[in-house]
>>> print(open('work-v3.txt').read())   # compact mmCIF, C-alpha atoms
# COMPACT_ATOMS: atom_id res chain seq x y z
CA MET Z 1 -32.35 52.03 9.35
CA GLY Z 2 -34.78 49.78 11.19
CA GLU Z 3 -37.65 50.55 13.47
CA VAL Z 4 -38.16 49.81 17.17
CA ILE Z 5 -41.69 48.88 18.23
CA VAL Z 6 -42.60 48.42 21.89
CA VAL Z 7 -45.49 46.14 22.86
CA THR Z 8 -47.01 47.29 26.14
CA SER Z 9 -50.23 47.19 28.19
CA GLY Z 10 -49.91 48.24 31.81
CA LYS Z 11 -51.86 45.25 33.11
CA GLY Z 12 -50.24 41.83 33.16
CA GLY Z 13 -51.57 38.72 31.48
CA VAL Z 14 -53.32 40.43 28.57
CA GLY Z 15 -51.03 38.95 25.92
CA LYS Z 16 -47.99 41.21 25.45
CA THR Z 17 -45.55 38.35 25.12
CA THR Z 18 -47.79 36.31 22.82
CA THR Z 19 -48.36 39.42 20.71
CA SER Z 20 -44.64 40.22 20.54
CA ALA Z 21 -43.81 36.64 19.53
CA ASN Z 22 -46.47 36.56 16.83
CA ILE Z 23 -45.73 39.98 15.37
CA GLY Z 24 -42.01 39.22 15.32
CA THR Z 25 -42.49 35.82 13.71
CA GLY Z 26 -45.02 37.26 11.24
CA LEU Z 27 -42.60 39.99 10.15
CA ALA Z 28 -39.78 37.46 9.82
CA SER Z 29 -41.93 35.18 7.66
CA ALA Z 30 -42.56 38.18 5.41
CA GLY Z 31 -38.80 38.33 4.88
CA PHE Z 32 -37.76 41.12 7.24
CA SER Z 33 -34.82 40.78 9.60
CA VAL Z 34 -36.30 40.93 13.08
CA VAL Z 35 -35.05 40.88 16.66
CA LEU Z 36 -37.34 40.22 19.62
CA VAL Z 37 -36.18 41.82 22.86
CA ASP Z 38 -37.53 40.58 26.19
CA THR Z 39 -37.25 43.42 28.73
CA ASP Z 40 -39.12 41.63 31.51
CA ILE Z 41 -36.03 41.15 33.64
CA GLY Z 42 -36.59 38.60 36.40
CA LEU Z 43 -39.74 37.20 34.76
CA ARG Z 44 -38.60 36.31 31.28
CA ASN Z 45 -41.04 34.37 29.12
CA LEU Z 46 -40.55 35.31 25.50
CA ASP Z 47 -37.94 32.53 25.28
CA VAL Z 48 -40.43 29.78 26.22
CA VAL Z 49 -43.19 31.22 24.05
CA MET Z 50 -40.74 31.12 21.12
CA GLY Z 51 -39.48 27.66 22.12
CA LEU Z 52 -35.89 28.91 22.45
CA GLU Z 53 -35.38 28.50 26.20
CA ASN Z 54 -32.66 25.84 25.81
CA ARG Z 55 -30.38 28.01 23.74
CA ILE Z 56 -29.80 30.92 26.11
CA VAL Z 57 -26.18 31.68 26.97
CA TYR Z 58 -26.06 35.45 27.44
CA ASP Z 59 -28.90 37.89 28.09
CA LEU Z 60 -29.96 41.54 27.87
CA VAL Z 61 -28.14 42.55 31.06
CA ASP Z 62 -24.92 40.91 29.79
CA VAL Z 63 -25.19 43.11 26.70
CA THR Z 64 -26.00 46.41 28.44
CA SER Z 65 -23.30 45.87 31.09
CA GLU Z 66 -20.84 44.85 28.34
CA ASN Z 67 -20.20 41.33 29.60
CA CYS Z 68 -20.57 40.18 26.03
CA ARG Z 69 -21.09 41.56 22.55
CA LEU Z 70 -24.61 41.93 21.16
CA LYS Z 71 -23.98 39.23 18.53
CA GLN Z 72 -23.06 36.68 21.21
CA ALA Z 73 -26.34 37.17 23.10
CA LEU Z 74 -28.64 36.96 20.09
CA ILE Z 75 -30.35 33.58 19.70
CA LYS Z 76 -31.24 32.48 16.21
CA ASP Z 77 -34.82 31.21 15.76
CA LYS Z 78 -35.46 27.58 14.77
CA ARG Z 79 -37.78 28.42 11.90
CA PHE Z 80 -36.45 31.65 10.42
CA PRO Z 81 -32.75 32.47 10.08
CA ASN Z 82 -33.68 36.18 9.90
CA LEU Z 83 -35.43 36.10 13.32
CA HIS Z 84 -33.49 36.57 16.57
CA LEU Z 85 -34.24 36.78 20.28
CA LEU Z 86 -32.44 38.82 22.90
CA PRO Z 87 -33.63 37.20 26.15
CA ALA Z 88 -34.10 38.98 29.48
CA ALA Z 89 -31.95 38.13 32.49
CA GLN Z 90 -33.76 35.88 34.93
CA THR Z 91 -31.71 36.38 38.08
CA LYS Z 92 -31.50 40.19 38.14
CA ASP Z 93 -34.15 42.88 38.59
CA LYS Z 94 -35.41 45.78 36.50
CA THR Z 95 -32.85 48.23 37.89
CA ALA Z 96 -30.03 46.23 36.25
CA VAL Z 97 -30.72 48.23 33.06
CA SER Z 98 -31.24 51.98 32.63
CA PRO Z 99 -33.33 53.83 30.02
CA GLU Z 100 -30.11 55.36 28.62
CA GLN Z 101 -28.61 51.90 28.08
CA MET Z 102 -31.81 50.78 26.37
CA LYS Z 103 -31.70 53.82 24.09
CA ALA Z 104 -28.15 52.96 23.08
CA LEU Z 105 -29.11 49.33 22.51
CA ALA Z 106 -32.09 50.36 20.36
CA GLU Z 107 -29.80 52.45 18.16
CA GLU Z 108 -27.48 49.49 17.72
CA LEU Z 109 -30.37 47.13 16.89
CA LYS Z 110 -31.76 49.55 14.32
CA LYS Z 111 -28.52 49.33 12.36
CA GLU Z 112 -28.69 45.54 12.22
CA PHE Z 113 -32.40 44.78 11.82
CA ASP Z 114 -35.48 45.96 9.95
CA TYR Z 115 -37.62 45.61 13.08
CA ALA Z 116 -36.88 45.33 16.78
CA ILE Z 117 -39.92 44.24 18.79
CA ILE Z 118 -39.64 45.11 22.48
CA ASP Z 119 -41.73 43.02 24.87
CA CYS Z 120 -42.50 45.31 27.80
CA PRO Z 121 -43.08 44.08 31.37
CA ALA Z 122 -46.37 44.81 33.17
CA GLY Z 123 -46.50 47.90 35.36
CA ILE Z 124 -45.49 51.53 34.92
CA GLU Z 125 -42.22 51.54 36.83
CA GLN Z 126 -38.63 51.24 35.67
CA GLY Z 127 -39.22 48.13 33.54
CA PHE Z 128 -41.76 50.09 31.53
CA ARG Z 129 -39.53 53.12 31.27
CA ASN Z 130 -36.65 50.93 30.06
CA ALA Z 131 -38.82 49.24 27.46
CA ILE Z 132 -40.14 52.45 25.90
CA ALA Z 133 -36.86 54.38 26.08
CA GLY Z 134 -35.58 53.55 22.61
CA ALA Z 135 -38.90 52.90 20.87
CA ASP Z 136 -40.07 54.66 17.71
CA ARG Z 137 -43.61 53.30 17.84
CA ALA Z 138 -45.84 51.70 20.46
CA VAL Z 139 -48.50 49.02 20.33
CA VAL Z 140 -50.87 48.81 23.30
CA VAL Z 141 -52.53 45.46 24.01
CA CYS Z 142 -55.77 45.34 25.98
CA THR Z 143 -58.56 42.86 26.62
CA PRO Z 144 -62.25 43.85 26.77
CA GLU Z 145 -62.29 44.10 30.57
CA VAL Z 146 -62.59 47.20 32.74
CA SER Z 147 -59.27 46.66 34.52
CA SER Z 148 -57.35 46.17 31.30
CA VAL Z 149 -58.95 49.13 29.52
CA ARG Z 150 -58.31 51.36 32.50
CA ASP Z 151 -54.64 50.40 32.62
CA ALA Z 152 -54.34 50.81 28.85
CA ASP Z 153 -55.66 54.35 29.23
CA ARG Z 154 -53.00 55.13 31.81
CA ILE Z 155 -50.30 53.64 29.58
CA ILE Z 156 -51.48 55.69 26.59
CA GLY Z 157 -51.17 58.83 28.72
CA LEU Z 158 -47.64 57.86 29.81
CA LEU Z 159 -46.59 57.01 26.24
CA GLU Z 160 -47.79 60.36 24.98
CA ALA Z 161 -46.06 62.13 27.84
CA ALA Z 162 -42.86 60.30 26.78
CA ASP Z 163 -43.33 61.61 23.21
CA LEU Z 164 -44.40 58.28 21.76
CA LYS Z 165 -47.30 59.75 19.85
CA ASN Z 166 -50.13 57.79 18.21
CA PRO Z 167 -49.81 54.42 19.89
CA LYS Z 168 -51.84 51.71 18.15
CA LEU Z 169 -54.30 49.43 19.91
CA ILE Z 170 -54.67 45.65 19.76
CA ILE Z 171 -57.85 44.31 21.32
CA ASN Z 172 -57.00 40.81 22.45
CA ARG Z 173 -59.07 37.83 23.58
CA ILE Z 174 -62.39 39.17 22.40
CA ARG Z 175 -65.24 36.65 22.58
CA PRO Z 176 -67.78 37.28 19.81
CA GLN Z 177 -70.47 35.23 21.56
CA MET Z 178 -70.29 37.36 24.69
CA VAL Z 179 -70.16 40.57 22.65
CA LYS Z 180 -73.28 39.51 20.81
CA ARG Z 181 -75.05 38.86 24.09
CA GLY Z 182 -74.11 42.30 25.36
CA ASP Z 183 -71.93 40.89 28.10
CA MET Z 184 -68.60 42.06 26.71
CA MET Z 185 -67.51 45.46 25.47
CA ASP Z 186 -67.16 45.50 21.69
CA ILE Z 187 -64.50 47.12 19.50
CA ASP Z 188 -66.37 50.43 19.22
CA ASP Z 189 -66.97 50.65 22.97
CA ILE Z 190 -63.26 50.34 23.67
CA LEU Z 191 -62.20 52.68 20.87
CA ASP Z 192 -64.75 55.19 22.09
CA ILE Z 193 -63.17 55.17 25.54
CA LEU Z 194 -59.48 55.02 24.61
CA ALA Z 195 -59.68 57.26 21.52
CA ILE Z 196 -56.67 55.79 19.69
CA ASP Z 197 -56.24 53.97 16.37
CA LEU Z 198 -56.91 50.27 16.17
CA ILE Z 199 -54.29 48.01 14.58
CA GLY Z 200 -55.95 44.66 15.20
CA VAL Z 201 -58.49 42.51 16.98
CA VAL Z 202 -57.55 39.01 18.14
CA PRO Z 203 -60.31 36.57 19.13
CA GLU Z 204 -60.02 34.32 22.17
CA ASP Z 205 -58.66 31.11 20.73
CA GLU Z 206 -57.61 27.75 22.13
CA SER Z 207 -54.89 27.53 19.52
CA ILE Z 208 -52.94 30.17 21.49
CA VAL Z 209 -52.66 27.79 24.44
CA ILE Z 210 -51.71 24.90 22.17
CA SER Z 211 -49.12 26.85 20.20
CA THR Z 212 -47.62 28.24 23.42
CA ASN Z 213 -47.42 24.68 24.79
CA ARG Z 214 -45.40 23.78 21.73
CA GLY Z 215 -43.31 26.94 21.68
CA GLU Z 216 -44.47 27.81 18.18
CA PRO Z 217 -46.21 31.15 17.56
CA CYS Z 218 -49.70 30.56 16.10
CA VAL Z 219 -49.16 33.16 13.36
CA MET Z 220 -47.67 30.28 11.35
CA ASP Z 221 -50.75 28.08 11.91
CA LYS Z 222 -52.98 28.48 8.86
CA ASN Z 223 -55.99 27.03 10.70
CA SER Z 224 -55.80 29.31 13.73
CA LYS Z 225 -58.20 32.24 14.00
CA ALA Z 226 -55.87 34.12 16.30
CA GLY Z 227 -53.06 33.31 13.87
CA GLU Z 228 -55.05 34.91 11.05
CA ALA Z 229 -55.63 37.98 13.22
CA TYR Z 230 -51.88 38.26 13.86
CA ARG Z 231 -51.09 37.83 10.16
CA ARG Z 232 -53.33 40.81 9.46
CA ILE Z 233 -51.72 42.85 12.23
CA THR Z 234 -48.29 42.06 10.78
CA LYS Z 235 -49.40 43.45 7.42
CA ARG Z 236 -50.82 46.60 9.02
CA ILE Z 237 -47.50 47.17 10.80
CA GLN Z 238 -45.86 47.20 7.37
CA GLY Z 239 -48.34 49.89 6.35
CA GLU Z 240 -50.77 47.77 4.35
CA GLU Z 241 -54.48 48.35 4.70
CA VAL Z 242 -56.21 45.13 5.63
CA PRO Z 243 -59.87 44.82 6.66
CA LEU Z 244 -60.69 43.54 10.13
CA MET Z 245 -61.40 39.84 10.45
CA ASN Z 246 -65.02 38.80 10.39
CA LEU Z 247 -65.77 37.80 13.97
CA GLU Z 248 -69.54 37.53 13.58
CA VAL Z 249 -71.12 34.55 15.20
CA PRO Z 250 -73.07 32.47 12.70
CA GLU Z 251 -76.82 32.81 13.17
CA GLY Z 252 -78.12 30.03 15.38
CA LEU Z 253 -81.46 28.30 15.46
CA MET Z 254 -82.64 30.54 18.30
CA ASP Z 255 -81.96 33.71 16.27
CA LYS Z 256 -83.95 32.40 13.35
CA LEU Z 257 -86.81 31.51 15.67
CA LYS Z 258 -86.71 34.95 17.25
CA LYS Z 259 -86.83 36.61 13.83
CA LEU Z 260 -89.72 34.41 12.85
CA ILE Z 261 -91.85 35.44 15.80
CA GLY Z 262 -90.79 39.05 15.40
CA LEU Z 263 -88.67 39.52 18.50
CA ARG Z 264 -85.82 40.97 16.48
CA MET H 265 -87.88 32.44 36.12
CA LEU H 266 -89.11 35.50 34.26
CA GLU H 267 -85.53 36.67 33.83
CA PHE H 268 -84.62 33.28 32.45
CA ILE H 269 -87.42 33.41 29.89
CA SER H 270 -86.62 36.94 28.82
CA ARG H 271 -82.99 35.94 28.50
CA ILE H 272 -83.86 33.03 26.23
CA LEU H 273 -86.01 35.28 24.14
CA GLY H 274 -83.15 37.75 23.99
CA LYS H 275 -84.96 40.61 25.68
CA GLU H 276 -81.93 42.18 27.23
CA THR H 277 -81.98 43.00 30.84
CA ALA H 278 -79.40 45.73 31.48
CA SER H 279 -76.37 44.24 29.74
CA SER H 280 -73.20 44.01 31.76
CA LYS H 281 -71.25 45.66 28.97
CA SER H 282 -73.05 48.97 29.30
CA LEU H 283 -72.36 48.80 33.02
CA ALA H 284 -68.67 48.23 32.31
CA LYS H 285 -68.55 51.12 29.89
CA GLU H 286 -70.28 53.54 32.23
CA ARG H 287 -68.06 52.63 35.16
CA LEU H 288 -64.95 52.99 33.02
CA ARG H 289 -66.05 56.37 31.76
CA LEU H 290 -66.40 57.66 35.30
CA VAL H 291 -63.20 56.21 36.66
CA LEU H 292 -61.18 57.47 33.68
CA VAL H 293 -62.31 61.05 34.11
CA HIS H 294 -60.64 60.99 37.50
CA ASP H 295 -57.64 58.98 36.32
CA ARG H 296 -56.96 61.38 33.49
CA ALA H 297 -57.30 64.47 35.58
CA SER H 298 -55.22 62.84 38.33
CA ILE H 299 -57.76 64.12 40.82
CA SER H 300 -59.27 61.95 43.53
CA PRO H 301 -62.95 62.28 44.48
CA ALA H 302 -61.86 63.58 47.90
CA MET H 303 -59.79 66.32 46.30
CA LEU H 304 -62.64 67.21 43.99
CA ASN H 305 -64.85 67.60 47.05
CA ARG H 306 -62.38 69.95 48.71
CA LEU H 307 -62.16 71.97 45.51
CA ARG H 308 -65.93 72.20 45.46
CA GLU H 309 -66.03 73.46 49.05
CA ASP H 310 -63.32 76.04 48.35
CA LEU H 311 -65.12 77.23 45.26
CA VAL H 312 -68.42 77.61 47.12
CA GLN H 313 -66.66 79.60 49.81
CA VAL H 314 -65.05 82.00 47.37
CA ILE H 315 -68.22 82.56 45.37
CA SER H 316 -70.21 83.06 48.57
CA ASN H 317 -68.12 86.17 49.23
CA TYR H 318 -69.73 87.79 46.22
CA MET H 319 -73.17 86.26 45.83
CA GLU H 320 -75.67 84.05 47.52
CA ILE H 321 -75.86 80.70 45.77
CA ASP H 322 -78.13 77.68 45.98
CA GLU H 323 -75.72 75.05 47.24
CA SER H 324 -78.25 72.22 47.08
CA ALA H 325 -78.76 72.69 43.34
CA LEU H 326 -75.10 73.17 42.56
CA GLU H 327 -73.68 70.95 39.82
CA PHE H 328 -69.97 70.38 39.83
CA ASN H 329 -68.27 67.83 37.62
CA LEU H 330 -65.24 66.90 35.64
CA CYS H 331 -66.35 66.26 32.08
CA GLN H 332 -64.44 64.56 29.38
CA ASP H 333 -64.29 64.93 25.64
CA GLU H 334 -61.89 62.69 23.69
CA ARG H 335 -58.73 63.06 25.77
CA ASP H 336 -59.47 66.47 27.25
CA VAL H 337 -61.03 67.07 30.61
CA ALA H 338 -63.04 70.14 31.62
CA LEU H 339 -64.30 71.27 34.98
CA VAL H 340 -67.93 72.25 34.55
CA ALA H 341 -69.83 74.01 37.29
CA ASN H 342 -73.44 75.09 37.16
CA ILE H 343 -74.04 77.39 40.11
CA PRO H 344 -77.56 78.82 40.59
CA VAL H 345 -77.37 82.35 41.98
CA ILE H 346 -80.11 83.35 44.40
CA LYS H 347 -79.08 86.97 44.77
CA MET H 348 -76.08 89.24 44.65
CA LYS H 349 -74.71 90.51 47.92
CA ARG H 350 -75.38 94.19 48.30
CA ASP H 351 -72.48 94.88 50.67
CA TYR H 352 -69.98 93.77 47.99
CA ALA H 353 -71.22 96.49 45.59
CA ALA H 354 -71.00 99.04 48.37
CA LYS H 355 -67.39 98.13 49.15
CA CYS H 356 -66.15 98.83 45.61
>>> encode(input="work-v3.txt", output="structure tokens")
Amino acid sequence: MGEVIVVTSGKGGVGKTTTSANIGTGLASAGFSVVLVDTDIGLRNLDVVMGLENRIVYDLVDVTSENCRLKQALIKDKRFPNLHLLPAAQTKDKTAVSPEQMKALAEELKKEFDYAIIDCPAGIEQGFRNAIAGADRAVVVCTPEVSSVRDADRIIGLLEAADLKNPKLIINRIRPQMVKRGDMMDIDDILDILAIDLIGVVPEDESIVISTNRGEPCVMDKNSKAGEAYRRITKRIQGEEVPLMNLEVPEGLMDKLKKLIGLR
Amino acid sequence: MLEFISRILGKETASSKSLAKERLRLVLVHDRASISPAMLNRLREDLVQVISNYMEIDESALEFNLCQDERDVALVANIPVIKMKRDYAAKC
């Protein structure tokens, strides 16, 4: 029996889709059978992030409304035969699917796959309720900004109210230079406020933009810092204990000078 | 200019992160309790009115806040009493 993990955040643009793509690809590269489900009906994007946009025939709404069988809608990944995508519909809206249908779908997916990763839309309305309906676990993505942390807090409350206990936090797009300067909240600040367990920290990284341009998740890029962060997150999802990445900024000339004249 | 120099030397002026954290802390207390500042104000007025039936209180020194600890929220009021009302004791 597989496991359904929803990736959510409340606020848009914090990296839910990128996170879903990378976790899914990471788990598949570790040998698990994985399905990625895009529940952002009307604003689908997981297909382009995965580079599979040209292969879509059927979508999520076709499956839930029984226009086609699940197997027909699943798109096989280019890189891993054990990785699949169930794309969202682009021409319908969030009300085209109900939480009950999503629950039934999740049960079906659990029989076929080791992991189903659900990419949740932004917001707290029906799209969110659909996405979390069949989930066993939740991962909350937030960036070190007040708006994102506030929305994450609201989402954590809603997840707990929906009996999805102990959601895990990913802090995304952290900029070690700004943290060091005191101009960005650090890991402890955010954990202090949200009071949930951390499952990973992903640094701001240009390689995300480049890999998204190519349609290839950066978790496979050995030289990418964000990719390394996602590889560690993938291991933690499997239950392994992995230390956090070292995000310390190397000591610059100015720091050494400051130390020398006793300002630090 | 002075700010620029102190910045180069790393003498922190109030960092924007502590500002962010403090503002978040405040806004989340209200978010979590699903209570708006306006509603909190009405509650405060009602509370003062009820207590005033029994004792004379110092409204200017009254502290009234939602406090938060982990994910729990508590309503904490510190109400200085000036004197008890005598007529209340007589009524009982």
>>> residues_around(input="work-v3.txt", residues="range 311-323 of chain H", least_positions_apart="6", cutoff="7 Å", atoms="all atoms listed in the file", output="list in words")
Ile343, Pro344, Val345, Ile346, Lys347, Met348, Lys349 and Tyr352 of chain H
>>> closest_residue(input="work-v3.txt", among="Z:Gly227, Z:Gly157, Z:Gly26, Z:Gly12", to="Val201 in chain Z", atoms="only C-alpha atoms")
Z:Gly227
>>> atom_distance(input="work-v3.txt", atom1="CA of Ala338 in chain H", atom2="CA of Leu288 in chain H")
17.3 Å
>>> interface_residues(input="work-v3.txt", of="chain Z", to="chain H", cutoff="7 Å", atoms="all atoms listed in the file", output="list in words")
Val146, Arg150, Gly182, Asp183, Met184, Met185, Ile193, Ala195 and Lys258 of chain Z
>>> closest_residue(input="work-v3.txt", among="Z:Val48, Z:Ile187, Z:Ile155, Z:Ile233", to="Glu216 in chain Z", atoms="only C-alpha atoms")
Z:Val48
>>> atom_distance(input="work-v3.txt", atom1="CA of Tyr230 in chain Z", atom2="CA of Arg175 in chain Z")
16.0 Å
>>> atom_distance(input="work-v3.txt", atom1="CA of Pro87 in chain Z", atom2="CA of Thr18 in chain Z")
14.6 Å
>>> residues_around(input="work-v3.txt", residues="Pro217 in chain Z", least_positions_apart="3", cutoff="7 Å", atoms="all atoms listed in the file", output="JSON, numbers by chain")
{"Z": [21, 22, 50, 211, 212, 220]}
>>> residues_around(input="work-v3.txt", residues="Leu304 in chain H", least_positions_apart="5", cutoff="10 Å", atoms="all atoms listed in the file", output="list of chain:residue names")
H:His294, H:Ile299, H:Glu309, H:Asp310, H:Phe328, H:Asn329, H:Leu330
>>> closest_residue(input="work-v3.txt", among="Z:Val219, Z:Ile170, Z:Leu83, Z:Leu46", to="Ile196 in chain Z", atoms="all atoms listed in the file")
Z:Ile170
>>> closest_residue(input="work-v3.txt", among="Z:Val4, Z:Leu260, Z:Val97, Z:Val179", to="Thr64 in chain Z", atoms="all atoms listed in the file")
Z:Val97
>>> closest_residue(input="work-v3.txt", among="Z:Gly239, Z:Gly10, Z:Pro167, Z:Gly24", to="Ile124 in chain Z", atoms="all atoms listed in the file")
Z:Gly10
>>> residues_around(input="work-v3.txt", residues="Leu191 in chain Z", least_positions_apart="5", cutoff="10 Å", atoms="all atoms listed in the file", output="list in words")
Val149, Leu169, Ile171, Asp186, Ile196, Asp197 and Leu198 of chain Z
>>> closest_residue(input="work-v3.txt", among="Z:Gln238, Z:Ser65, Z:Asn130, Z:Asn82", to="Ala28 in chain Z", atoms="all atoms listed in the file")
Z:Asn82
>>> decode(input="work-v3.txt", residues="range 39-53 of chain Z", atoms="N, CA and C atoms", output="compact mmCIF listing (two decimals), in the first residue's frame")
# COMPACT_ATOMS: atom_id res chain seq x y z
N THR Z 39 -3.20 19.06 -9.16
CA THR Z 39 -4.61 19.35 -8.84
C THR Z 39 -4.96 20.82 -9.09
N ASP Z 40 -4.04 21.53 -9.70
CA ASP Z 40 -4.29 22.95 -9.99
C ASP Z 40 -5.09 23.08 -11.29
N ILE Z 41 -6.36 22.74 -11.20
CA ILE Z 41 -7.20 22.72 -12.39
C ILE Z 41 -7.39 24.14 -12.93
N GLY Z 42 -7.15 24.32 -14.22
CA GLY Z 42 -7.26 25.64 -14.84
C GLY Z 42 -5.92 26.36 -14.91
N LEU Z 43 -4.99 26.00 -14.07
CA LEU Z 43 -3.65 26.63 -14.07
C LEU Z 43 -2.57 25.56 -13.95
N ARG Z 44 -2.66 24.55 -14.82
CA ARG Z 44 -1.73 23.44 -14.66
C ARG Z 44 -0.31 23.85 -15.06
N ASN Z 45 0.66 23.34 -14.34
CA ASN Z 45 2.06 23.68 -14.60
C ASN Z 45 3.04 22.55 -14.36
N LEU Z 46 2.61 21.56 -13.60
CA LEU Z 46 3.51 20.46 -13.30
C LEU Z 46 4.00 19.78 -14.59
N ASP Z 47 3.13 19.78 -15.62
CA ASP Z 47 3.51 19.17 -16.90
C ASP Z 47 4.70 19.88 -17.54
N VAL Z 48 4.70 21.23 -17.53
CA VAL Z 48 5.83 21.94 -18.15
C VAL Z 48 7.08 21.85 -17.29
N VAL Z 49 6.91 21.88 -15.97
CA VAL Z 49 8.08 21.75 -15.09
C VAL Z 49 8.75 20.39 -15.29
N MET Z 50 7.94 19.37 -15.57
CA MET Z 50 8.48 18.03 -15.80
C MET Z 50 8.89 17.81 -17.26
N GLY Z 51 8.55 18.78 -18.13
CA GLY Z 51 8.88 18.63 -19.54
C GLY Z 51 8.01 17.61 -20.26
N LEU Z 52 6.77 17.44 -19.80
CA LEU Z 52 5.89 16.41 -20.37
C LEU Z 52 4.66 17.00 -21.03
N GLU Z 53 4.69 18.32 -21.29
CA GLU Z 53 3.49 19.01 -21.76
C GLU Z 53 2.99 18.52 -23.12
